[in-house]
Amino acid sequence: MIVTLDAKRRVSIPATLSPAAPGDQFEASFDADDDVVLLRRLKRKPNWLDVWKQCPVPMDDLPARRRKMPRKLQL
């Protein structure tokens, strides 16, 4: 498949060529020997809320929060 660089130096990659979603990040590198531009998709960072929901320990077992500010230790 041939893609063309536009006036603003952007390349559009068709969706049929690569299954990507908006917000995906890519590492771009240029190989001068082969005259090739390589794009590698980077792993997405996990959503902290999804990780928290998968936590095996129920949040009800946590100790209650104290209203007082912690005291400074005197050494």
# chains A, B, ... in the order shown; residues from 1 in each chain; ligands from 1
>>> residues_around(residues="segment 35-43 of chain A", least_positions_apart="6", cutoff="8 Å", atoms="only C-alpha atoms", output="list in words")
Asp24, Gln25, Phe26, Glu27, Ala28 and Ser29 of chain A
>>> closest_residue(among="A:Gln54, A:Gln74, A:Thr16, A:Asn47", to="Met1 of chain A", atoms="only C-alpha atoms")
A:Thr16
>>> atom_distance(atom1="atom CA of Ser12 of chain A", atom2="atom CA of Lys45 of chain A")
24.2 Å
>>> select_by_dssp(residues="chain A", states="strand (DSSP E or B)", output="PyMOL selection string")
chain A and resi 5+11+26-31+36-41
>>> write_last_selection(atoms="C-alpha atoms", output="compact mmCIF listing (two decimals), in the first residue's frame")
# COMPACT_ATOMS: atom_id res chain seq x y z
CA LEU A 5 2.99 12.77 2.84
CA VAL A 11 1.09 10.59 6.81
CA PHE A 26 3.93 5.20 18.44
CA GLU A 27 7.72 5.26 18.49
CA ALA A 28 9.01 6.52 15.14
CA SER A 29 12.53 5.82 13.90
CA PHE A 30 14.34 6.28 10.58
CA ASP A 31 16.81 3.79 9.15
CA VAL A 36 12.76 3.25 5.89
CA VAL A 37 10.57 4.92 8.52
CA LEU A 38 9.48 2.46 11.23
CA LEU A 39 6.52 2.94 13.55
CA ARG A 40 6.16 0.78 16.67
CA ARG A 41 3.03 1.03 18.79
>>> select_by_dssp(residues="chain A", states="alpha helix (DSSP H)", output="PyMOL selection string")
chain A and resi 48-53
>>> atom_distance(atom1="atom CA of Ser18 of chain A", atom2="atom CA of Trp48 of chain A")
26.7 Å
>>> decode(residues="segment 2-62 of chain A", atoms="C-alpha atoms", output="short mmCIF file (atom, residue, chain, number, x, y, z; two decimals), in the first residue's frame")
data_model
loop_
_atom_site.label_atom_id
_atom_site.label_comp_id
_atom_site.auth_asym_id
_atom_site.auth_seq_id
_atom_site.Cartn_x
_atom_site.Cartn_y
_atom_site.Cartn_z
CA ILE A 2 1.32 3.45 -0.87
CA VAL A 3 0.58 6.43 1.38
CA THR A 4 1.47 10.07 0.64
CA LEU A 5 2.99 12.77 2.84
CA ASP A 6 0.86 15.95 2.86
CA ALA A 7 2.01 19.59 2.93
CA LYS A 8 2.14 19.59 6.75
CA ARG A 9 4.41 16.49 6.70
CA ARG A 10 1.68 14.14 7.96
CA VAL A 11 1.09 10.59 6.81
CA SER A 12 -2.35 9.01 7.14
CA ILE A 13 -2.35 5.26 7.66
CA PRO A 14 -5.56 3.50 6.60
CA ALA A 15 -7.49 1.68 9.33
CA THR A 16 -7.41 -1.55 7.33
CA LEU A 17 -3.62 -1.56 7.48
CA SER A 18 -3.22 -1.15 11.24
CA PRO A 19 -5.88 -1.55 13.95
CA ALA A 20 -5.21 1.57 16.03
CA ALA A 21 -7.41 3.78 18.16
CA PRO A 22 -7.25 7.52 18.73
CA GLY A 23 -4.73 8.27 21.46
CA ASP A 24 -2.42 5.33 20.66
CA GLN A 25 1.24 6.29 20.88
CA PHE A 26 3.93 5.20 18.44
CA GLU A 27 7.72 5.26 18.49
CA ALA A 28 9.01 6.52 15.14
CA SER A 29 12.53 5.82 13.90
CA PHE A 30 14.34 6.28 10.58
CA ASP A 31 16.81 3.79 9.15
CA ALA A 32 19.12 5.70 6.79
CA ASP A 33 20.69 2.54 5.35
CA ASP A 34 17.39 1.11 4.10
CA ASP A 35 15.65 4.52 3.74
CA VAL A 36 12.76 3.25 5.89
CA VAL A 37 10.57 4.92 8.52
CA LEU A 38 9.48 2.46 11.23
CA LEU A 39 6.52 2.94 13.55
CA ARG A 40 6.16 0.78 16.67
CA ARG A 41 3.03 1.03 18.79
CA LEU A 42 3.77 1.54 22.49
CA LYS A 43 1.79 -0.25 25.19
CA ARG A 44 -0.95 1.79 26.77
CA LYS A 45 -0.63 2.62 30.44
CA PRO A 46 -3.23 0.76 32.49
CA ASN A 47 -6.22 2.72 33.72
CA TRP A 48 -5.82 3.03 37.51
CA LEU A 49 -9.55 2.58 38.08
CA ASP A 50 -9.58 -0.76 36.25
CA VAL A 51 -6.55 -1.92 38.25
CA TRP A 52 -8.21 -0.83 41.49
CA LYS A 53 -11.40 -2.75 40.63
CA GLN A 54 -9.35 -5.93 40.14
CA CYS A 55 -7.80 -5.64 43.60
CA PRO A 56 -8.41 -8.92 45.48
CA VAL A 57 -8.64 -7.23 48.89
CA PRO A 58 -12.00 -5.59 49.65
CA MET A 59 -11.74 -1.95 50.60
CA ASP A 60 -13.95 -2.58 53.67
CA ASP A 61 -11.03 -4.31 55.42
CA LEU A 62 -8.91 -1.16 55.49
#
